[in-house]
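Data first, discussion second: the structure below is written as structure tokens.
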Amino acid sequence: MVVRKCSLNIVSAYALHEGLDKEVKRRFWEGLDKIVRNVLPAKRLFIGGDFNGHVGSTIGGYGEVQGDFDFGKRNKGGTSLLDFAKAFKLVITNSSFPKREEHLVSRGLGKDFKVF
């Protein structure tokens, strides 16, 4: 997508829920990995969707990808999401600004993505 002479690469993703087979989840993350690797490092990338994970309110080693405005406890899906974001130098953008209580859900990752 081109917005004001700026190219945005947008990916919509839906991660499988916690109870599914590890092999199925592995294939999801490998597929997303392949897609992201095809986006040039200098290009803007936004990944939106449902990753079926909770990154939690504790940053614990993920300060470069997670902001101070998330909630709850981290689960395996959240750790996978944080590891993925860290590997590709992405940011969990929804954790980077305060929200009303009814909006306390993280939904996207971004690189060179500014929240206006």
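To be explicit about the labels: the chains of the structure tokens are called A, B, and onward in the order shown, and within each one the residues are counted from 1, while ligands get numbers from 1 in the order they are shown.
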For segment 13-15 of chain A, work out the shell of residues within 6 Å, counting only C-alpha atoms and skipping chain neighbours fewer than 2 positions away, then give it as a ChimeraX atom specification.
/A:49-52
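Every protein, DNA or RNA residue with an atom at most 12 Å from Trp29 of chain A, where only C-alpha atoms count and chain neighbours fewer than 4 positions away do not, is listed here: Ala13, Tyr14, Ala15, Leu16, Lys22, Glu23, Val24, Lys25, Asp33, Lys34, Ile35, Val36, Phe51, Gly77, Ser80, Leu81, Asp83, Phe84 and Ala85 of chain A.
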Secondary structure check, alpha helix (DSSP H) residues of segment 15-81 of chain A, as a VMD selection string:
chain A and resid 22 to 37 76 to 81
Proximity of segment 14-81 of chain A to segment 91-96 of chain A: per-residue shortest pair, 10 Å limit, only C-alpha atoms, as CSV:
```
residue,atom,partner,partner_atom,distance
A:Phe46,CA,A:Thr93,CA,9.5
A:Ile47,CA,A:Ile92,CA,9.5
A:Gly48,CA,A:Ile92,CA,10.0
A:Val55,CA,A:Ser95,CA,9.2
A:Gly56,CA,A:Ser95,CA,9.6
A:Ser57,CA,A:Ser95,CA,8.9
A:Tyr62,CA,A:Val91,CA,9.7
A:Gly63,CA,A:Val91,CA,9.5
A:Glu64,CA,A:Val91,CA,7.2
A:Val65,CA,A:Val91,CA,4.2
A:Gln66,CA,A:Ile92,CA,5.5
A:Gly67,CA,A:Ser96,CA,4.2
A:Asp68,CA,A:Ser96,CA,6.2
A:Phe69,CA,A:Ser95,CA,4.7
A:Asp70,CA,A:Ser95,CA,5.1
A:Phe71,CA,A:Ser95,CA,8.8
A:Leu81,CA,A:Ile92,CA,8.9
```
Let's see if you can do this: from backbone DSSP, list all strand (DSSP E) residues in chain A, as a list in words.
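Residues meeting the strand (DSSP E) criterion: Val2, Val3, Cys6, Ser7, Leu8, Asn9, Ile10, Val11, Ser12, Ala13, Tyr14, Arg44, Leu45, Phe46, Ile47, Gly48, Gly49, Asp50, Gly108, Leu109, Gly110 and Lys111 of chain A.
Excluding Leu32 of chain A itself and any same-chain residue fewer than 5 positions from it, the protein and nucleic acid residues within 9 Å of it, counting only C-alpha atoms, are A:Val11, A:Ala13, A:Arg27, A:Arg37.
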Can you write out the residues you just picked, keeping N, CA, C and O atoms, as an mmCIF file, in the first residue's frame?
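And here is the file that came out, result_19.cif:
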```
data_model
loop_
_atom_site.group_PDB
_atom_site.id
_atom_site.type_symbol
_atom_site.label_atom_id
_atom_site.label_comp_id
_atom_site.auth_asym_id
_atom_site.auth_seq_id
_atom_site.Cartn_x
_atom_site.Cartn_y
_atom_site.Cartn_z
ATOM 1 N N VAL A 11 0.569 -7.041 6.657
ATOM 2 C CA VAL A 11 0.320 -8.478 6.759
ATOM 3 C C VAL A 11 -0.790 -8.683 7.777
ATOM 4 O O VAL A 11 -0.757 -8.112 8.869
ATOM 5 N N ALA A 13 -2.484 -11.539 10.126
ATOM 6 C CA ALA A 13 -2.118 -12.863 10.632
ATOM 7 C C ALA A 13 -3.109 -13.334 11.698
ATOM 8 O O ALA A 13 -3.659 -12.530 12.446
ATOM 9 N N ARG A 27 4.628 -24.391 12.084
ATOM 10 C CA ARG A 27 4.422 -24.051 10.677
ATOM 11 C C ARG A 27 3.873 -22.626 10.516
ATOM 12 O O ARG A 27 4.242 -21.918 9.582
ATOM 13 N N ARG A 37 10.671 -12.007 6.086
ATOM 14 C CA ARG A 37 12.010 -11.979 5.476
ATOM 15 C C ARG A 37 11.976 -11.477 4.034
ATOM 16 O O ARG A 37 12.974 -10.988 3.522
#
```
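Compared by their closest atoms to Pro41 of chain A, and using only C-alpha atoms, the residues A:Gly78, A:Ser7, A:His17, A:Lys89 rank with A:Lys89 nearest.
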